[in-house]
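To keep things clear, I will list the structure first and then write my remarks on it.
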Amino acid sequence: MNVSLIWQSLPFLWTGFLMTLGLAAVSIAGSTVLGLAVAALRTSRPPLLRGLGRAYVELFRGSPIPITLLFVYFGAALYLGYGVNLFVAAAVGLSVYHSAFVAEIIRAGIEAVPVGQHEAAQILGLKPAQSFRWVVLPQTVKIAVPPLVGQYISLIKDTSIASIIGLAEMMKVGQSIVDRTGDPVSIYLTVAVLYFIVCYPLSLWVTRSQRRAI
Amino acid sequence: MSTATPNTTTIGRGIQLSGVSKLFGDLEVLKDVTLNVDDGEVVVLIGASGSGKSTLLRIMSGLETSTTGEVVVGGVPMHDPKRAPEIRGHVGMVFQQFNLFPHLDALGNVTLALRKVYKMSKADADAKGMQVLARVGMDDRAHHQPSQLSGGQQQRVAIARALAVDPRIIFFDEATSALDPELVGEVTNVMRSLADDGMTMVVVTHEMGFARRTADRVLFMADGVIAEQGTPEELFGNPQHPRTVQFLSKIAEA
């Protein structure tokens, strides 16, 4: 363990850390918006829309995330040239990939609301949109938020995969320091601790809220 | 806006069913049922499970559609898919499993339709909500969540929720079947007082005591038809149909 190397590397790792946080925040927002849209398709009535939603989910659930990132990056580069913004490419790739999982969590949350709730709302005269907004959605949120946060934890860790397209997030910064210093243990341990500091409180919260639910 | 009753535009009265059948796939759960319920009448449906009584109730309330036949509830032709939604918000339904909204407190449950469907202000809706909660003796629990209430209390809140929109007709689908025996009375008491106030009620129940004391008319259903009907005295005192005799003797044994 080289404490002075860790100390010297911290400012660089810190800029990578901020990049990681920024990428995670944008991708969490992106995956949630996309996931909501896909969940809406998945729970809609027309078979064609339902099928589209299903195909989207299966496509991204069935492919490794580096492939998704490389496709987005090289696909965009092919059409837009190599000036493609790495941050944007990484955020799009992560959003698209994780939205498939987010969509399934939201769909499960919508479908977990018992049919009797819909019937009670219908009898009271609520229109389908009102019934969704005031009866189904509040219950879906309560059901879906703990697993959603779990998904966001995966996403935060998956931002490290953006290193393969060369974005200077924390993992990439760590790699380049290791390349120069030849001390993987000290550096990767520090990187791991920094990921842990972000993810562990979220993970604790998920565990606690699930215990509350039981 | 005042606390005027939501249903100031009154719909028609009573229920008229003629030739109503219902198929689930190949299974005919209702066969050519004809039934009239007068305004203010309390009709109790009894019969074994699978006899079609819940399906009949769900067709009248608009939760199911009949396969054939005419269903007119409060003047609304429920067999016409274009017009059936007109009934929504004008009749009440009380479910076996209460179906209270778990994310809202008792008052929130009771006022949701007033606020979102009838666009009443929060103050007006709350005033009306407290009034109907008082009607079922639950005004002191207005800010309890459903999960903090006993089954009987939840069902009374559910009745208040149905009452909030001033319905002409309330359907009860085995409203006491999910309750512990000692909690049944508080719910049937509320139901009886609604009957005394002239509410039109169609009640599917296994509570023969309630049927005896409160019903204007008892209908015995078997295999998708109304096998026999009459006043409680007639049906319980001198049943004619062999299936009715059999059913009542089985209940007496239980």
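Ordering of the structure tokens sets the chain letters (A, B, ...), residue numbers begin anew at 1 in every chain, and ligands are numbered from 1 in the order given.
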I'd like the neighbourhood of Gly151 (chain B) as a compact mmCIF listing (two decimals) with N, CA, C and O atoms, in the first residue's frame, where a residue qualifies if any of its atoms comes within 8 Å (using only C-alpha atoms), though same-chain residues fewer than 4 positions away should be ignored.
# COMPACT_ATOMS: atom_id res chain seq x y z
N GLN B 155 -64.54 -1.68 6.15
CA GLN B 155 -65.73 -1.84 5.32
C GLN B 155 -66.70 -0.67 5.53
O GLN B 155 -67.37 -0.24 4.59
N ALA B 178 -65.43 -11.34 4.27
CA ALA B 178 -64.02 -11.35 4.65
C ALA B 178 -63.81 -10.93 6.10
O ALA B 178 -62.68 -10.80 6.54
N LEU B 179 -64.92 -10.74 6.83
CA LEU B 179 -64.79 -10.20 8.19
C LEU B 179 -64.80 -11.30 9.24
O LEU B 179 -65.45 -12.34 9.08
N ASP B 180 -64.08 -11.05 10.34
CA ASP B 180 -64.19 -11.93 11.49
C ASP B 180 -65.64 -11.87 11.99
O ASP B 180 -66.28 -10.82 11.93
N LEU B 183 -67.17 -8.95 13.81
CA LEU B 183 -67.18 -7.63 13.16
C LEU B 183 -68.31 -7.49 12.14
O LEU B 183 -68.52 -6.43 11.57
task: Return as a PyMOL selection string the residues belonging to chain B that are within 8 Å of chain A, counting only C-alpha atoms.
output: chain B and resi 61-63+88-93+97+99-103+113+116-117+162+165
Taking N, CA, C and O atoms for each residue, export the selection above as a PDB file, in the first residue's frame.
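Output below, filename part_9.pdb:
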ATOM      1  N   SER B  61     -73.538  -3.323 -11.988  1.00  0.00           N
ATOM      2  CA  SER B  61     -72.700  -2.192 -11.594  1.00  0.00           C
ATOM      3  C   SER B  61     -71.785  -1.722 -12.722  1.00  0.00           C
ATOM      4  O   SER B  61     -71.105  -0.704 -12.586  1.00  0.00           O
ATOM      5  N   GLY B  62     -71.752  -2.462 -13.828  1.00  0.00           N
ATOM      6  CA  GLY B  62     -70.949  -2.030 -14.961  1.00  0.00           C
ATOM      7  C   GLY B  62     -69.533  -2.574 -14.966  1.00  0.00           C
ATOM      8  O   GLY B  62     -68.721  -2.191 -15.815  1.00  0.00           O
ATOM      9  N   LEU B  63     -69.206  -3.472 -14.034  1.00  0.00           N
ATOM     10  CA  LEU B  63     -67.861  -4.048 -14.019  1.00  0.00           C
ATOM     11  C   LEU B  63     -67.730  -5.188 -15.023  1.00  0.00           C
ATOM     12  O   LEU B  63     -66.638  -5.561 -15.413  1.00  0.00           O
ATOM     13  N   ARG B  88     -71.193   5.491 -14.189  1.00  0.00           N
ATOM     14  CA  ARG B  88     -70.064   5.625 -13.264  1.00  0.00           C
ATOM     15  C   ARG B  88     -70.216   6.878 -12.403  1.00  0.00           C
ATOM     16  O   ARG B  88     -70.517   7.949 -12.907  1.00  0.00           O
ATOM     17  N   GLY B  89     -70.011   6.696 -11.125  1.00  0.00           N
ATOM     18  CA  GLY B  89     -70.147   7.814 -10.210  1.00  0.00           C
ATOM     19  C   GLY B  89     -71.584   8.027  -9.748  1.00  0.00           C
ATOM     20  O   GLY B  89     -71.842   8.916  -8.952  1.00  0.00           O
ATOM     21  N   HIS B  90     -72.528   7.225 -10.258  1.00  0.00           N
ATOM     22  CA  HIS B  90     -73.934   7.376  -9.841  1.00  0.00           C
ATOM     23  C   HIS B  90     -74.440   6.201  -9.033  1.00  0.00           C
ATOM     24  O   HIS B  90     -75.526   6.257  -8.486  1.00  0.00           O
ATOM     25  N   VAL B  91     -73.672   5.111  -9.035  1.00  0.00           N
ATOM     26  CA  VAL B  91     -74.032   3.989  -8.177  1.00  0.00           C
ATOM     27  C   VAL B  91     -72.816   3.700  -7.287  1.00  0.00           C
ATOM     28  O   VAL B  91     -71.705   4.082  -7.604  1.00  0.00           O
ATOM     29  N   GLY B  92     -73.079   3.038  -6.169  1.00  0.00           N
ATOM     30  CA  GLY B  92     -71.978   2.666  -5.287  1.00  0.00           C
ATOM     31  C   GLY B  92     -71.788   1.172  -5.307  1.00  0.00           C
ATOM     32  O   GLY B  92     -72.708   0.422  -5.660  1.00  0.00           O
ATOM     33  N   MET B  93     -70.571   0.741  -4.976  1.00  0.00           N
ATOM     34  CA  MET B  93     -70.349  -0.699  -4.845  1.00  0.00           C
ATOM     35  C   MET B  93     -69.450  -0.936  -3.644  1.00  0.00           C
ATOM     36  O   MET B  93     -68.469  -0.230  -3.448  1.00  0.00           O
ATOM     37  N   GLN B  97     -63.462  -7.505  -0.492  1.00  0.00           N
ATOM     38  CA  GLN B  97     -62.115  -7.185   0.000  1.00  0.00           C
ATOM     39  C   GLN B  97     -61.937  -5.690   0.265  1.00  0.00           C
ATOM     40  O   GLN B  97     -60.821  -5.179   0.261  1.00  0.00           O
ATOM     41  N   ASN B  99     -61.327  -3.024  -0.910  1.00  0.00           N
ATOM     42  CA  ASN B  99     -60.708  -2.251  -1.994  1.00  0.00           C
ATOM     43  C   ASN B  99     -60.545  -0.776  -1.657  1.00  0.00           C
ATOM     44  O   ASN B  99     -60.670   0.088  -2.520  1.00  0.00           O
ATOM     45  N   LEU B 100     -60.251  -0.504  -0.389  1.00  0.00           N
ATOM     46  CA  LEU B 100     -59.908   0.879  -0.034  1.00  0.00           C
ATOM     47  C   LEU B 100     -58.564   1.208  -0.666  1.00  0.00           C
ATOM     48  O   LEU B 100     -57.748   0.336  -0.928  1.00  0.00           O
ATOM     49  N   PHE B 101     -58.334   2.511  -0.907  1.00  0.00           N
ATOM     50  CA  PHE B 101     -57.061   2.927  -1.482  1.00  0.00           C
ATOM     51  C   PHE B 101     -56.044   3.025  -0.337  1.00  0.00           C
ATOM     52  O   PHE B 101     -56.171   3.874   0.538  1.00  0.00           O
ATOM     53  N   PRO B 102     -55.028   2.139  -0.338  1.00  0.00           N
ATOM     54  CA  PRO B 102     -54.162   2.028   0.848  1.00  0.00           C
ATOM     55  C   PRO B 102     -53.281   3.248   1.084  1.00  0.00           C
ATOM     56  O   PRO B 102     -52.791   3.447   2.183  1.00  0.00           O
ATOM     57  N   HIS B 103     -53.085   4.074   0.047  1.00  0.00           N
ATOM     58  CA  HIS B 103     -52.191   5.220   0.188  1.00  0.00           C
ATOM     59  C   HIS B 103     -52.938   6.459   0.698  1.00  0.00           C
ATOM     60  O   HIS B 103     -52.317   7.500   0.904  1.00  0.00           O
ATOM     61  N   ALA B 113     -63.380  10.855  -5.129  1.00  0.00           N
ATOM     62  CA  ALA B 113     -64.303  11.064  -6.252  1.00  0.00           C
ATOM     63  C   ALA B 113     -64.890  12.473  -6.228  1.00  0.00           C
ATOM     64  O   ALA B 113     -65.081  13.099  -7.272  1.00  0.00           O
ATOM     65  N   LYS B 116     -61.958  14.702  -7.596  1.00  0.00           N
ATOM     66  CA  LYS B 116     -61.450  14.490  -8.949  1.00  0.00           C
ATOM     67  C   LYS B 116     -62.566  14.356  -9.986  1.00  0.00           C
ATOM     68  O   LYS B 116     -62.390  14.747 -11.125  1.00  0.00           O
ATOM     69  N   VAL B 117     -63.687  13.764  -9.601  1.00  0.00           N
ATOM     70  CA  VAL B 117     -64.777  13.572 -10.565  1.00  0.00           C
ATOM     71  C   VAL B 117     -65.732  14.768 -10.512  1.00  0.00           C
ATOM     72  O   VAL B 117     -66.116  15.316 -11.530  1.00  0.00           O
ATOM     73  N   ALA B 162     -68.716   4.927  -0.857  1.00  0.00           N
ATOM     74  CA  ALA B 162     -69.801   4.740  -1.823  1.00  0.00           C
ATOM     75  C   ALA B 162     -70.878   5.806  -1.636  1.00  0.00           C
ATOM     76  O   ALA B 162     -71.443   6.308  -2.612  1.00  0.00           O
ATOM     77  N   VAL B 165     -70.900  10.100  -3.063  1.00  0.00           N
ATOM     78  CA  VAL B 165     -71.393  10.685  -4.312  1.00  0.00           C
ATOM     79  C   VAL B 165     -72.924  10.671  -4.385  1.00  0.00           C
ATOM     80  O   VAL B 165     -73.495  10.897  -5.446  1.00  0.00           O
TER      81      VAL B 165
END
Can you pull out every residue within 8 Å of Glu58 (chain A), counting only C-alpha atoms, but drop anything in the same chain fewer than 4 positions away, and send it as an mmCIF file with N, CA and C atoms, in the first residue's frame?
data_model
loop_
_atom_site.group_PDB
_atom_site.id
_atom_site.type_symbol
_atom_site.label_atom_id
_atom_site.label_comp_id
_atom_site.auth_asym_id
_atom_site.auth_seq_id
_atom_site.Cartn_x
_atom_site.Cartn_y
_atom_site.Cartn_z
ATOM 1 N N ARG A 54 -41.878 -4.905 -25.493
ATOM 2 C CA ARG A 54 -41.295 -6.199 -25.125
ATOM 3 C C ARG A 54 -39.977 -6.414 -25.860
ATOM 4 N N GLY A 62 -30.813 -8.738 -23.089
ATOM 5 C CA GLY A 62 -30.101 -9.898 -23.605
ATOM 6 C C GLY A 62 -28.741 -9.581 -24.199
ATOM 7 N N ALA A 100 -34.234 -0.608 -19.949
ATOM 8 C CA ALA A 100 -34.926 -1.890 -20.129
ATOM 9 C C ALA A 100 -35.277 -2.485 -18.764
#
task: Could you tell me which of A:Ser9, A:Ser27, A:Gln151, A:Thr15 comes closest to Ala89 (chain A) if we count only C-alpha atoms?
output: A:Ser27
- prompt: Hey, what's within 6 Å of Ile156 (chain A) if we count only C-alpha atoms and toss same-chain stuff fewer than 3 positions away? As number ranges by chain, please?
  reply: A: 24, 153, 159
field: Residue with smallest distance to Gly137 (chain B) - pool B:Gln229, B:Val187, B:Val110, B:Arg243, counting only C-alpha atoms
entry: B:Val187
query: Which of these, B:Leu56, B:Val42, B:Met120, B:Ala160, has the shortest distance to Val29 (chain B) once you count only C-alpha atoms?
result: B:Leu56
- request: Could you please determine the separation between CA of Ile159 (chain B) and CA of Phe24 (chain B) in Å, to one decimal place?
  value: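 About the pair CA of Ile159 (chain B) and CA of Phe24 (chain B): they are 29.7 Å apart.
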